[in-house]
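Have a look at start_20.pdb below; it lists PDB, C-alpha atoms and all ligand atoms.
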ATOM      1  CA  MET E1378     -15.175  28.520  -4.016  1.00  0.00           C
ATOM      2  CA  PRO E1379     -13.340  30.591  -6.570  1.00  0.00           C
ATOM      3  CA  GLY E1380     -15.471  31.864  -9.385  1.00  0.00           C
ATOM      4  CA  THR E1381     -18.811  31.751  -7.668  1.00  0.00           C
ATOM      5  CA  GLY E1382     -18.783  35.513  -7.259  1.00  0.00           C
ATOM      6  CA  GLY E1383     -18.900  35.651  -3.470  1.00  0.00           C
ATOM      7  CA  THR E1384     -16.043  35.564  -0.964  1.00  0.00           C
ATOM      8  CA  PRO E1385     -16.862  33.954   2.387  1.00  0.00           C
ATOM      9  CA  PRO E1386     -16.050  36.288   5.312  1.00  0.00           C
ATOM     10  CA  GLY E1387     -12.414  36.024   6.384  1.00  0.00           C
ATOM     11  CA  SER E1388     -11.246  34.152   3.272  1.00  0.00           C
ATOM     12  CA  ALA E1389      -8.949  35.592   0.616  1.00  0.00           C
ATOM     13  CA  PRO E1390     -10.597  36.527  -2.682  1.00  0.00           C
ATOM     14  CA  ALA E1391      -9.932  34.160  -5.560  1.00  0.00           C
ATOM     15  CA  LYS E1392      -7.036  35.073  -7.806  1.00  0.00           C
ATOM     16  CA  ALA E1393      -7.471  36.054 -11.447  1.00  0.00           C
ATOM     17  CA  HIS E1394      -6.235  32.681 -12.720  1.00  0.00           C
ATOM     18  CA  GLU E1395      -8.749  30.824 -10.552  1.00  0.00           C
ATOM     19  CA  HIS E1396     -11.549  32.740 -12.249  1.00  0.00           C
ATOM     20  CA  ALA E1397      -9.951  32.209 -15.672  1.00  0.00           C
ATOM     21  CA  GLU E1398      -9.725  28.479 -15.058  1.00  0.00           C
ATOM     22  CA  LEU E1399     -13.532  28.450 -14.804  1.00  0.00           C
ATOM     23  CA  ARG E1400     -14.044  31.048 -17.558  1.00  0.00           C
ATOM     24  CA  ASP E1401     -15.659  33.164 -14.865  1.00  0.00           C
ATOM     25  CA  TRP E1402     -14.936  36.434 -16.675  1.00  0.00           C
ATOM     26  CA  PRO E1403     -16.887  38.734 -14.287  1.00  0.00           C
ATOM     27  CA  GLY E1404     -14.766  37.354 -11.423  1.00  0.00           C
ATOM     28  CA  TYR E1405     -11.635  37.718 -13.558  1.00  0.00           C
ATOM     29  CA  PHE E1406     -12.416  41.373 -14.343  1.00  0.00           C
ATOM     30  CA  ARG E1407     -12.870  42.082 -10.617  1.00  0.00           C
ATOM     31  CA  ALA E1408      -9.549  40.398  -9.836  1.00  0.00           C
ATOM     32  CA  VAL E1409      -7.555  42.349 -12.462  1.00  0.00           C
ATOM     33  CA  ALA E1410      -9.215  45.759 -11.950  1.00  0.00           C
ATOM     34  CA  GLY E1411      -6.591  48.497 -12.083  1.00  0.00           C
ATOM     35  CA  LYS E1412      -3.782  46.214 -13.316  1.00  0.00           C
ATOM     36  CA  PRO E1413      -1.289  47.716 -15.781  1.00  0.00           C
ATOM     37  CA  ALA E1414      -0.766  46.733 -19.411  1.00  0.00           C
ATOM     38  CA  ARG E1415       0.909  43.421 -20.218  1.00  0.00           C
ATOM     39  CA  GLU E1416       4.681  43.278 -20.762  1.00  0.00           C
ATOM     40  CA  THR E1417       4.281  41.827 -24.246  1.00  0.00           C
ATOM     41  CA  LEU E1418       2.215  44.835 -25.312  1.00  0.00           C
ATOM     42  CA  LEU E1419       4.712  47.267 -23.768  1.00  0.00           C
ATOM     43  CA  LYS E1420       7.565  45.531 -25.592  1.00  0.00           C
ATOM     44  CA  ALA E1421       5.714  45.709 -28.917  1.00  0.00           C
ATOM     45  CA  LEU E1422       4.939  49.413 -28.435  1.00  0.00           C
ATOM     46  CA  ASP E1423       8.562  50.167 -27.586  1.00  0.00           C
ATOM     47  CA  LEU E1424       9.687  48.321 -30.705  1.00  0.00           C
ATOM     48  CA  PHE E1425       7.314  50.340 -32.889  1.00  0.00           C
ATOM     49  CA  ASP E1426       8.719  53.500 -31.314  1.00  0.00           C
ATOM     50  CA  ARG E1427      12.235  52.251 -31.998  1.00  0.00           C
ATOM     51  CA  ASP E1428      11.332  51.476 -35.634  1.00  0.00           C
ATOM     52  CA  GLY E1429      10.745  55.215 -35.999  1.00  0.00           C
ATOM     53  CA  PRO E1430       8.165  57.220 -37.919  1.00  0.00           C
ATOM     54  CA  SER E1431       6.068  55.385 -40.484  1.00  0.00           C
ATOM     55  CA  ASP E1432       3.300  56.279 -42.925  1.00  0.00           C
ATOM     56  CA  VAL E1433       1.338  53.263 -41.703  1.00  0.00           C
ATOM     57  CA  PRO E1434      -1.440  54.367 -39.328  1.00  0.00           C
ATOM     58  CA  ARG E1435      -0.994  53.212 -35.749  1.00  0.00           C
ATOM     59  CA  PHE E1436      -4.071  51.047 -35.626  1.00  0.00           C
ATOM     60  CA  ALA E1437      -4.235  48.049 -33.291  1.00  0.00           C
ATOM     61  CA  ILE E1438      -6.711  45.268 -32.669  1.00  0.00           C
ATOM     62  CA  ASP E1439      -6.852  44.227 -29.020  1.00  0.00           C
ATOM     63  CA  LEU E1440      -8.361  40.765 -29.302  1.00  0.00           C
ATOM     64  CA  GLY E1441      -9.787  39.377 -26.076  1.00  0.00           C
ATOM     65  CA  CYS E1442      -9.408  42.860 -24.601  1.00  0.00           C
ATOM     66  CA  GLY E1443     -11.361  42.002 -21.443  1.00  0.00           C
ATOM     67  CA  SER E1444     -11.947  45.118 -19.373  1.00  0.00           C
ATOM     68  CA  GLY E1445      -9.244  46.952 -21.310  1.00  0.00           C
ATOM     69  CA  ARG E1446      -5.906  47.056 -19.469  1.00  0.00           C
ATOM     70  CA  ASP E1447      -3.997  46.905 -22.788  1.00  0.00           C
ATOM     71  CA  THR E1448      -6.515  48.968 -24.749  1.00  0.00           C
ATOM     72  CA  PHE E1449      -6.032  51.864 -22.325  1.00  0.00           C
ATOM     73  CA  GLU E1450      -2.256  51.756 -22.792  1.00  0.00           C
ATOM     74  CA  LEU E1451      -2.611  51.755 -26.578  1.00  0.00           C
ATOM     75  CA  LEU E1452      -4.952  54.748 -26.433  1.00  0.00           C
ATOM     76  CA  ARG E1453      -2.695  56.543 -23.966  1.00  0.00           C
ATOM     77  CA  ARG E1454       0.163  56.147 -26.440  1.00  0.00           C
ATOM     78  CA  GLY E1455      -1.831  57.599 -29.314  1.00  0.00           C
ATOM     79  CA  TRP E1456      -2.990  54.456 -31.147  1.00  0.00           C
ATOM     80  CA  ARG E1457      -6.409  53.904 -32.682  1.00  0.00           C
ATOM     81  CA  VAL E1458      -7.869  50.677 -31.302  1.00  0.00           C
ATOM     82  CA  LEU E1459     -10.494  48.120 -32.144  1.00  0.00           C
ATOM     83  CA  ALA E1460     -11.140  46.302 -28.860  1.00  0.00           C
ATOM     84  CA  VAL E1461     -12.805  42.915 -29.324  1.00  0.00           C
ATOM     85  CA  ASP E1462     -14.207  40.535 -26.743  1.00  0.00           C
ATOM     86  CA  ALA E1463     -17.112  38.125 -26.368  1.00  0.00           C
ATOM     87  CA  SER E1464     -17.910  39.511 -22.924  1.00  0.00           C
ATOM     88  CA  GLU E1465     -20.447  42.318 -22.870  1.00  0.00           C
ATOM     89  CA  LEU E1466     -19.406  43.060 -19.286  1.00  0.00           C
ATOM     90  CA  GLY E1467     -15.725  43.420 -20.273  1.00  0.00           C
ATOM     91  CA  LEU E1468     -16.550  45.917 -23.006  1.00  0.00           C
ATOM     92  CA  SER E1469     -18.927  47.880 -20.776  1.00  0.00           C
ATOM     93  CA  LEU E1470     -16.297  48.128 -17.998  1.00  0.00           C
ATOM     94  CA  LEU E1471     -13.805  49.317 -20.593  1.00  0.00           C
ATOM     95  CA  LYS E1472     -16.204  51.999 -21.884  1.00  0.00           C
ATOM     96  CA  LYS E1473     -17.110  53.074 -18.354  1.00  0.00           C
ATOM     97  CA  GLU E1474     -13.445  53.766 -17.503  1.00  0.00           C
ATOM     98  CA  LEU E1475     -12.621  55.346 -20.859  1.00  0.00           C
ATOM     99  CA  PRO E1476     -11.297  58.912 -20.572  1.00  0.00           C
ATOM    100  CA  ALA E1477     -13.408  61.145 -22.833  1.00  0.00           C
ATOM    101  CA  GLU E1478     -10.358  62.342 -24.781  1.00  0.00           C
ATOM    102  CA  TYR E1479      -9.748  58.792 -26.069  1.00  0.00           C
ATOM    103  CA  ALA E1480     -13.288  58.104 -27.216  1.00  0.00           C
ATOM    104  CA  ASP E1481     -12.800  59.058 -30.868  1.00  0.00           C
ATOM    105  CA  ARG E1482      -9.890  56.597 -31.256  1.00  0.00           C
ATOM    106  CA  LEU E1483     -11.699  53.577 -29.809  1.00  0.00           C
ATOM    107  CA  GLU E1484     -14.074  51.174 -31.482  1.00  0.00           C
ATOM    108  CA  THR E1485     -15.423  48.163 -29.607  1.00  0.00           C
ATOM    109  CA  LEU E1486     -16.836  44.958 -31.011  1.00  0.00           C
ATOM    110  CA  LEU E1487     -18.702  42.212 -29.189  1.00  0.00           C
ATOM    111  CA  SER E1488     -17.500  39.087 -30.965  1.00  0.00           C
ATOM    112  CA  THR E1489     -16.027  35.684 -30.395  1.00  0.00           C
ATOM    113  CA  TYR E1490     -12.586  34.951 -31.821  1.00  0.00           C
ATOM    114  CA  GLU E1491     -14.239  32.303 -33.940  1.00  0.00           C
ATOM    115  CA  ASP E1492     -16.620  34.775 -35.649  1.00  0.00           C
ATOM    116  CA  PHE E1493     -14.250  37.730 -35.864  1.00  0.00           C
ATOM    117  CA  MET E1494     -13.056  38.778 -39.336  1.00  0.00           C
ATOM    118  CA  PRO E1495     -10.168  41.142 -38.637  1.00  0.00           C
ATOM    119  CA  ARG E1496      -9.299  44.050 -40.885  1.00  0.00           C
ATOM    120  CA  GLU E1497      -5.698  45.035 -41.451  1.00  0.00           C
ATOM    121  CA  ALA E1498      -3.969  46.152 -38.264  1.00  0.00           C
ATOM    122  CA  VAL E1499      -0.290  46.959 -37.820  1.00  0.00           C
ATOM    123  CA  LEU E1500      -0.516  45.489 -34.306  1.00  0.00           C
ATOM    124  CA  LEU E1501      -2.617  42.530 -33.297  1.00  0.00           C
ATOM    125  CA  ASN E1502      -2.472  42.230 -29.530  1.00  0.00           C
ATOM    126  CA  ALA E1503      -3.982  39.179 -27.830  1.00  0.00           C
ATOM    127  CA  SER E1504      -2.937  39.042 -24.180  1.00  0.00           C
ATOM    128  CA  TYR E1505      -3.814  35.746 -22.446  1.00  0.00           C
ATOM    129  CA  ALA E1506      -6.602  35.510 -24.967  1.00  0.00           C
ATOM    130  CA  LEU E1507      -6.105  32.975 -27.773  1.00  0.00           C
ATOM    131  CA  PRO E1508      -5.760  29.892 -25.512  1.00  0.00           C
ATOM    132  CA  PHE E1509      -9.466  30.369 -24.753  1.00  0.00           C
ATOM    133  CA  CYS E1510     -10.404  29.886 -28.413  1.00  0.00           C
ATOM    134  CA  GLU E1511     -12.513  26.850 -29.251  1.00  0.00           C
ATOM    135  CA  PRO E1512      -9.723  24.328 -30.034  1.00  0.00           C
ATOM    136  CA  SER E1513     -11.260  23.007 -33.263  1.00  0.00           C
ATOM    137  CA  ARG E1514     -11.420  26.601 -34.618  1.00  0.00           C
ATOM    138  CA  PHE E1515      -7.945  27.775 -33.574  1.00  0.00           C
ATOM    139  CA  ASP E1516      -6.155  27.176 -36.888  1.00  0.00           C
ATOM    140  CA  GLU E1517      -8.625  29.244 -38.905  1.00  0.00           C
ATOM    141  CA  VAL E1518      -8.662  32.007 -36.261  1.00  0.00           C
ATOM    142  CA  TRP E1519      -4.850  32.124 -36.291  1.00  0.00           C
ATOM    143  CA  ALA E1520      -4.745  32.164 -40.109  1.00  0.00           C
ATOM    144  CA  ARG E1521      -7.049  35.208 -40.113  1.00  0.00           C
ATOM    145  CA  ILE E1522      -4.860  36.926 -37.515  1.00  0.00           C
ATOM    146  CA  VAL E1523      -1.704  36.345 -39.540  1.00  0.00           C
ATOM    147  CA  GLY E1524      -3.492  37.536 -42.673  1.00  0.00           C
ATOM    148  CA  ALA E1525      -4.575  40.780 -40.987  1.00  0.00           C
ATOM    149  CA  ILE E1526      -1.047  41.814 -39.996  1.00  0.00           C
ATOM    150  CA  PRO E1527       0.827  43.565 -42.818  1.00  0.00           C
ATOM    151  CA  THR E1528       4.538  43.237 -43.462  1.00  0.00           C
ATOM    152  CA  GLY E1529       6.362  45.083 -40.680  1.00  0.00           C
ATOM    153  CA  GLY E1530       3.349  44.775 -38.357  1.00  0.00           C
ATOM    154  CA  ARG E1531       3.443  42.814 -35.127  1.00  0.00           C
ATOM    155  CA  PHE E1532       1.675  40.177 -33.070  1.00  0.00           C
ATOM    156  CA  ALA E1533       1.900  40.376 -29.268  1.00  0.00           C
ATOM    157  CA  GLY E1534       0.385  37.938 -26.809  1.00  0.00           C
ATOM    158  CA  GLN E1535       0.559  34.562 -25.130  1.00  0.00           C
ATOM    159  CA  PHE E1536       0.194  30.912 -26.007  1.00  0.00           C
ATOM    160  CA  PHE E1537      -0.152  28.245 -23.341  1.00  0.00           C
ATOM    161  CA  GLY E1538       2.247  25.296 -23.327  1.00  0.00           C
ATOM    162  CA  GLU E1539       1.518  21.586 -23.099  1.00  0.00           C
ATOM    163  CA  ARG E1540       2.854  21.337 -19.541  1.00  0.00           C
ATOM    164  CA  ASP E1541       0.366  23.912 -18.230  1.00  0.00           C
ATOM    165  CA  ASP E1542      -2.121  22.400 -15.754  1.00  0.00           C
ATOM    166  CA  TRP E1543      -5.033  23.575 -17.893  1.00  0.00           C
ATOM    167  CA  ALA E1544      -3.914  21.422 -20.842  1.00  0.00           C
ATOM    168  CA  VAL E1545      -6.045  18.582 -19.455  1.00  0.00           C
ATOM    169  CA  LEU E1546      -9.239  20.663 -19.480  1.00  0.00           C
ATOM    170  CA  GLY E1547      -9.794  20.142 -23.190  1.00  0.00           C
ATOM    171  CA  ASP E1548     -11.719  23.375 -23.786  1.00  0.00           C
ATOM    172  CA  ARG E1549      -8.650  25.519 -24.509  1.00  0.00           C
ATOM    173  CA  VAL E1550      -5.642  25.568 -26.769  1.00  0.00           C
ATOM    174  CA  HIS E1551      -2.140  24.490 -25.712  1.00  0.00           C
ATOM    175  CA  HIS E1552       0.982  24.256 -27.865  1.00  0.00           C
ATOM    176  CA  THR E1553       4.442  22.722 -27.774  1.00  0.00           C
ATOM    177  CA  ARG E1554       7.384  25.000 -28.475  1.00  0.00           C
ATOM    178  CA  PRO E1555       7.866  23.614 -32.024  1.00  0.00           C
ATOM    179  CA  GLN E1556       4.152  24.283 -32.646  1.00  0.00           C
ATOM    180  CA  VAL E1557       4.534  27.871 -31.436  1.00  0.00           C
ATOM    181  CA  GLU E1558       7.549  28.295 -33.695  1.00  0.00           C
ATOM    182  CA  ARG E1559       5.492  26.989 -36.616  1.00  0.00           C
ATOM    183  CA  LEU E1560       2.695  29.466 -35.825  1.00  0.00           C
ATOM    184  CA  LEU E1561       5.307  32.214 -36.093  1.00  0.00           C
ATOM    185  CA  ALA E1562       6.832  30.960 -39.353  1.00  0.00           C
ATOM    186  CA  GLU E1563       5.952  34.207 -41.164  1.00  0.00           C
ATOM    187  CA  PHE E1564       7.409  36.356 -38.398  1.00  0.00           C
ATOM    188  CA  THR E1565      10.766  37.495 -37.126  1.00  0.00           C
ATOM    189  CA  ILE E1566      10.822  36.887 -33.394  1.00  0.00           C
ATOM    190  CA  ASP E1567      11.292  39.956 -31.195  1.00  0.00           C
ATOM    191  CA  ARG E1568      10.587  37.944 -28.039  1.00  0.00           C
ATOM    192  CA  LEU E1569       9.745  34.287 -27.464  1.00  0.00           C
ATOM    193  CA  GLN E1570       9.975  33.711 -23.758  1.00  0.00           C
ATOM    194  CA  GLU E1571       8.928  30.332 -22.405  1.00  0.00           C
ATOM    195  CA  VAL E1572       8.058  30.452 -18.712  1.00  0.00           C
ATOM    196  CA  GLU E1573       7.200  27.573 -16.408  1.00  0.00           C
ATOM    197  CA  ASN E1574       6.331  28.520 -12.846  1.00  0.00           C
ATOM    198  CA  ARG E1575       3.905  27.826 -10.033  1.00  0.00           C
ATOM    199  CA  GLU E1576       1.282  30.099  -8.528  1.00  0.00           C
ATOM    200  CA  ALA E1577      -0.702  29.433  -5.379  1.00  0.00           C
ATOM    201  CA  GLY E1578      -4.379  30.271  -5.487  1.00  0.00           C
ATOM    202  CA  ALA E1579      -6.376  31.833  -2.683  1.00  0.00           C
ATOM    203  CA  THR E1580      -7.070  28.408  -1.213  1.00  0.00           C
ATOM    204  CA  GLY E1581      -3.405  27.336  -1.454  1.00  0.00           C
ATOM    205  CA  VAL E1582      -3.951  25.091  -4.480  1.00  0.00           C
ATOM    206  CA  VAL E1583      -0.933  25.491  -6.744  1.00  0.00           C
ATOM    207  CA  LYS E1584      -1.243  25.953 -10.501  1.00  0.00           C
ATOM    208  CA  ASN E1585       1.632  25.021 -12.817  1.00  0.00           C
ATOM    209  CA  TRP E1586       1.925  27.589 -15.579  1.00  0.00           C
ATOM    210  CA  HIS E1587       3.573  26.947 -18.945  1.00  0.00           C
ATOM    211  CA  VAL E1588       3.299  30.074 -21.049  1.00  0.00           C
ATOM    212  CA  PHE E1589       4.947  31.427 -24.200  1.00  0.00           C
ATOM    213  CA  HIS E1590       5.198  35.216 -24.215  1.00  0.00           C
ATOM    214  CA  VAL E1591       5.440  36.399 -27.797  1.00  0.00           C
ATOM    215  CA  VAL E1592       6.241  39.583 -29.650  1.00  0.00           C
ATOM    216  CA  ALA E1593       6.896  39.028 -33.341  1.00  0.00           C
ATOM    217  CA  LYS E1594       7.194  41.101 -36.504  1.00  0.00           C
ATOM    218  CA  LYS E1595       5.630  40.012 -39.773  1.00  0.00           C
ATOM    219  CA  ARG E1596       8.272  39.399 -42.425  1.00  0.00           C
ATOM    220  CA  GLY E1597       8.153  40.624 -45.966  1.00  0.00           C
ATOM    221  CA  LYS E1598       9.863  42.657 -48.607  1.00  0.00           C
ATOM    222  CA  ALA E1599       9.597  45.956 -46.755  1.00  0.00           C
ATOM    223  CA  SER E1600      10.519  44.455 -43.374  1.00  0.00           C
ATOM    224  CA  ARG E1601      13.774  45.531 -41.708  1.00  0.00           C
TER     225      ARG E1601
HETATM  226  C1  LIG H   1      -7.785  35.834 -19.499  1.00  0.00           C
HETATM  227  S1  LIG H   1      -8.836  37.067 -20.142  1.00  0.00           S
HETATM  228  C2  LIG H   1      -7.636  38.193 -20.842  1.00  0.00           C
HETATM  229  C3  LIG H   1      -8.140  39.618 -20.847  1.00  0.00           C
HETATM  230  C4  LIG H   1      -7.063  40.668 -21.116  1.00  0.00           C
HETATM  231  N1  LIG H   1      -6.573  40.577 -22.467  1.00  0.00           N
HETATM  232  C5  LIG H   1      -5.932  40.534 -20.138  1.00  0.00           C
HETATM  233  O1  LIG H   1      -4.784  40.419 -20.538  1.00  0.00           O
HETATM  234  O2  LIG H   1      -6.190  40.561 -18.928  1.00  0.00           O
HETATM  235  C6  LIG H   1      -9.522  36.288 -21.555  1.00  0.00           C
HETATM  236  C7  LIG H   1     -10.537  37.143 -22.284  1.00  0.00           C
HETATM  237  O3  LIG H   1     -10.940  36.423 -23.439  1.00  0.00           O
HETATM  238  C8  LIG H   1     -12.337  36.564 -23.593  1.00  0.00           C
HETATM  239  N2  LIG H   1     -12.770  35.363 -24.322  1.00  0.00           N
HETATM  240  C9  LIG H   1     -12.732  34.074 -23.901  1.00  0.00           C
HETATM  241  N3  LIG H   1     -13.135  33.253 -24.878  1.00  0.00           N
HETATM  242  C10 LIG H   1     -13.418  34.039 -25.940  1.00  0.00           C
HETATM  243  C11 LIG H   1     -13.858  33.790 -27.263  1.00  0.00           C
HETATM  244  N4  LIG H   1     -14.051  32.548 -27.708  1.00  0.00           N
HETATM  245  N5  LIG H   1     -14.029  34.841 -28.094  1.00  0.00           N
HETATM  246  C12 LIG H   1     -13.799  36.111 -27.663  1.00  0.00           C
HETATM  247  N6  LIG H   1     -13.396  36.414 -26.417  1.00  0.00           N
HETATM  248  C13 LIG H   1     -13.199  35.387 -25.576  1.00  0.00           C
HETATM  249  C14 LIG H   1     -12.898  36.684 -22.211  1.00  0.00           C
HETATM  250  O4  LIG H   1     -14.153  37.349 -22.224  1.00  0.00           O
HETATM  251  C15 LIG H   1     -11.791  37.465 -21.506  1.00  0.00           C
HETATM  252  O5  LIG H   1     -12.035  38.843 -21.568  1.00  0.00           O
END
Would you kindly transcribe this structure into structure tokens?
Amino acid sequence: MPGTGGTPPGSAPAKAHEHAELRDWPGYFRAVAGKPARETLLKALDLFDRDGPSDVPRFAIDLGCGSGRDTFELLRRGWRVLAVDASELGLSLLKKELPAEYADRLETLLSTYEDFMPREAVLLNASYALPFCEPSRFDEVWARIVGAIPTGGRFAGQFFGERDDWAVLGDRVHHTRPQVERLLAEFTIDRLQEVENREAGATGVVKNWHVFHVVAKKRGKASR
């Protein structure tokens, strides 16, 4: 069975999404070990580079950082990072793999999304993270995220759509496209890519994905 930690001899290991379905984060971290940074983060970083030099410090919050695939990319590209996750194991894997030369630009915080009070960050990255927020707390969590991003700063990450198979589970957050657009009302959209596809798990069971990939820039007087 996916997510139970063991793989019976001769059977394929469970895929990352099969662990995520069960919130089996140790299994998820094993399944994504060594994976590169997410496309939404890479797009946001390229856009900051294209914006050109700025006096604003390159400080990012990587919310729901897991074992750190995006955090490492941010550090590699010279950013200071606050990496936040509710999984002690995720943060300890991240710290174990951390090259010593990055250590002084990384801060980690063990926190749930629901308890986290973000400070100002020019990039708030949340890759495949916010859908796992407690649904009744999502609006306040999102309001704090929007409040932490200054004019000209960016949000990068994913929201899950209402046609995703996990929408019936009830313990995670799914949105319609108009709802996603409303969440981004204070932003100029750099990328809003809606993807619906199917992925077979290790046992052949197919999952229907409905995901919004988002990169967006906070609007305001100083925004270009
Ligand atoms: C699907 S993983 C994404 C990890 C990483 N950002 C990535 O792109 O692979 C979701 C992460 O959210 C964390 N998480 C789930 N619910 C959370 C919550 N309520 N508060 C904080 N972290 C949470 C898990 O520990 C896990 O690391």
Item to check | Result set, the PyMOL selection byres (((chain E and resi 1581) around 12) and not hetatm) on current file, as a ChimeraX atom specification | outcome: /E:1379,1388-1392,1395,1575-1580,1582-1584
Surrounding residues as a short mmCIF file (atom, residue, chain, number, x, y, z; two decimals) with C-alpha atoms, in the coordinates of the input, ligand LIG 1 (chain H), max 6 Å, only C-alpha atoms and all ligand atoms:
data_model
loop_
_atom_site.label_atom_id
_atom_site.label_comp_id
_atom_site.auth_asym_id
_atom_site.auth_seq_id
_atom_site.Cartn_x
_atom_site.Cartn_y
_atom_site.Cartn_z
CA ALA E 1397 -9.95 32.21 -15.67
CA TRP E 1402 -14.94 36.43 -16.68
CA GLY E 1441 -9.79 39.38 -26.08
CA CYS E 1442 -9.41 42.86 -24.60
CA GLY E 1443 -11.36 42.00 -21.44
CA ASP E 1462 -14.21 40.53 -26.74
CA ALA E 1463 -17.11 38.12 -26.37
CA SER E 1464 -17.91 39.51 -22.92
CA SER E 1488 -17.50 39.09 -30.96
CA THR E 1489 -16.03 35.68 -30.40
CA TYR E 1490 -12.59 34.95 -31.82
CA SER E 1504 -2.94 39.04 -24.18
CA TYR E 1505 -3.81 35.75 -22.45
CA ALA E 1506 -6.60 35.51 -24.97
CA PHE E 1509 -9.47 30.37 -24.75
CA CYS E 1510 -10.40 29.89 -28.41
#
Next on the checklist: Can you tell me which residues surround Gly1445 of chain E at a distance of at most 12 Å, considering only C-alpha atoms, apart from same-chain residues fewer than 6 positions away, and format the answer as number ranges by chain?
Outcome noted: E: 1406, 1409-1415, 1438-1439, 1451-1453, 1458-1462, 1464, 1466-1475, 1483, 1485, 1502-1504
How big is the axis-aligned box around the listed atoms of segment 1398-1409 of chain E once 8 Å is added on each side, and where is its centre? Give both in Å to one decimal, as lines of an AutoDock Vina configuration file.
center_x = -12.2
center_y = 35.4
center_z = -13.7
size_x = 25.3
size_y = 29.9
size_z = 23.7
Item to check | Gap from atom CA of Gly1547 of chain E to atom CA of Ile1566 of chain E - Å, one decimal | outcome: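 The value is 28.5 Å.
The space between atom CA of Pro1495 of chain E and atom CA of Ala1525 of chain E spans 6.1 Å.
The smallest atom-to-atom distance between Asp1567 of chain E and any of E:Met1494, E:Val1592, E:Ile1526, E:Leu1422, using only C-alpha atoms, is found for E:Val1592.
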Reconstructed N, CA and C atoms for segment 1513-1530 of chain E, given as a JSON list (two decimals), keeping the file's coordinate frame:
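Now in part36.json:
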[["chain", "number", "residue", "atom", "x", "y", "z"],
["E", 1513, "SER", "N", -11.08, 23.46, -31.87],
["E", 1513, "SER", "CA", -11.26, 23.01, -33.26],
["E", 1513, "SER", "C", -11.27, 24.19, -34.25],
["E", 1514, "ARG", "N", -11.37, 25.42, -33.75],
["E", 1514, "ARG", "CA", -11.42, 26.60, -34.62],
["E", 1514, "ARG", "C", -10.10, 27.39, -34.60],
["E", 1515, "PHE", "N", -9.14, 26.94, -33.77],
["E", 1515, "PHE", "CA", -7.94, 27.78, -33.57],
["E", 1515, "PHE", "C", -7.19, 28.04, -34.87],
["E", 1516, "ASP", "N", -6.99, 27.00, -35.69],
["E", 1516, "ASP", "CA", -6.16, 27.18, -36.89],
["E", 1516, "ASP", "C", -6.72, 28.24, -37.82],
["E", 1517, "GLU", "N", -8.04, 28.23, -38.00],
["E", 1517, "GLU", "CA", -8.62, 29.24, -38.90],
["E", 1517, "GLU", "C", -8.56, 30.64, -38.28],
["E", 1518, "VAL", "N", -8.76, 30.71, -36.95],
["E", 1518, "VAL", "CA", -8.66, 32.01, -36.26],
["E", 1518, "VAL", "C", -7.24, 32.55, -36.41],
["E", 1519, "TRP", "N", -6.24, 31.68, -36.20],
["E", 1519, "TRP", "CA", -4.85, 32.12, -36.29],
["E", 1519, "TRP", "C", -4.52, 32.55, -37.73],
["E", 1520, "ALA", "N", -5.02, 31.80, -38.71],
["E", 1520, "ALA", "CA", -4.74, 32.16, -40.11],
["E", 1520, "ALA", "C", -5.30, 33.56, -40.42],
["E", 1521, "ARG", "N", -6.47, 33.87, -39.87],
["E", 1521, "ARG", "CA", -7.05, 35.21, -40.11],
["E", 1521, "ARG", "C", -6.22, 36.29, -39.43],
["E", 1522, "ILE", "N", -5.71, 35.96, -38.24],
["E", 1522, "ILE", "CA", -4.86, 36.93, -37.52],
["E", 1522, "ILE", "C", -3.59, 37.22, -38.33],
["E", 1523, "VAL", "N", -2.95, 36.16, -38.77],
["E", 1523, "VAL", "CA", -1.70, 36.34, -39.54],
["E", 1523, "VAL", "C", -1.99, 37.14, -40.81],
["E", 1524, "GLY", "N", -3.12, 36.83, -41.44],
["E", 1524, "GLY", "CA", -3.49, 37.54, -42.67],
["E", 1524, "GLY", "C", -3.79, 39.02, -42.46],
["E", 1525, "ALA", "N", -4.20, 39.38, -41.26],
["E", 1525, "ALA", "CA", -4.58, 40.78, -40.99],
["E", 1525, "ALA", "C", -3.37, 41.66, -40.68],
["E", 1526, "ILE", "N", -2.23, 41.03, -40.39],
["E", 1526, "ILE", "CA", -1.05, 41.81, -40.00],
["E", 1526, "ILE", "C", -0.20, 42.05, -41.25],
["E", 1527, "PRO", "N", 0.03, 43.31, -41.62],
["E", 1527, "PRO", "CA", 0.83, 43.56, -42.82],
["E", 1527, "PRO", "C", 2.32, 43.36, -42.54],
["E", 1528, "THR", "N", 3.09, 43.29, -43.59],
["E", 1528, "THR", "CA", 4.54, 43.24, -43.46],
["E", 1528, "THR", "C", 5.02, 44.38, -42.57],
["E", 1529, "GLY", "N", 5.85, 44.05, -41.60],
["E", 1529, "GLY", "CA", 6.36, 45.08, -40.68],
["E", 1529, "GLY", "C", 5.46, 45.29, -39.47],
["E", 1530, "GLY", "N", 4.25, 44.72, -39.51],
["E", 1530, "GLY", "CA", 3.35, 44.78, -38.36],
["E", 1530, "GLY", "C", 3.73, 43.70, -37.33]]
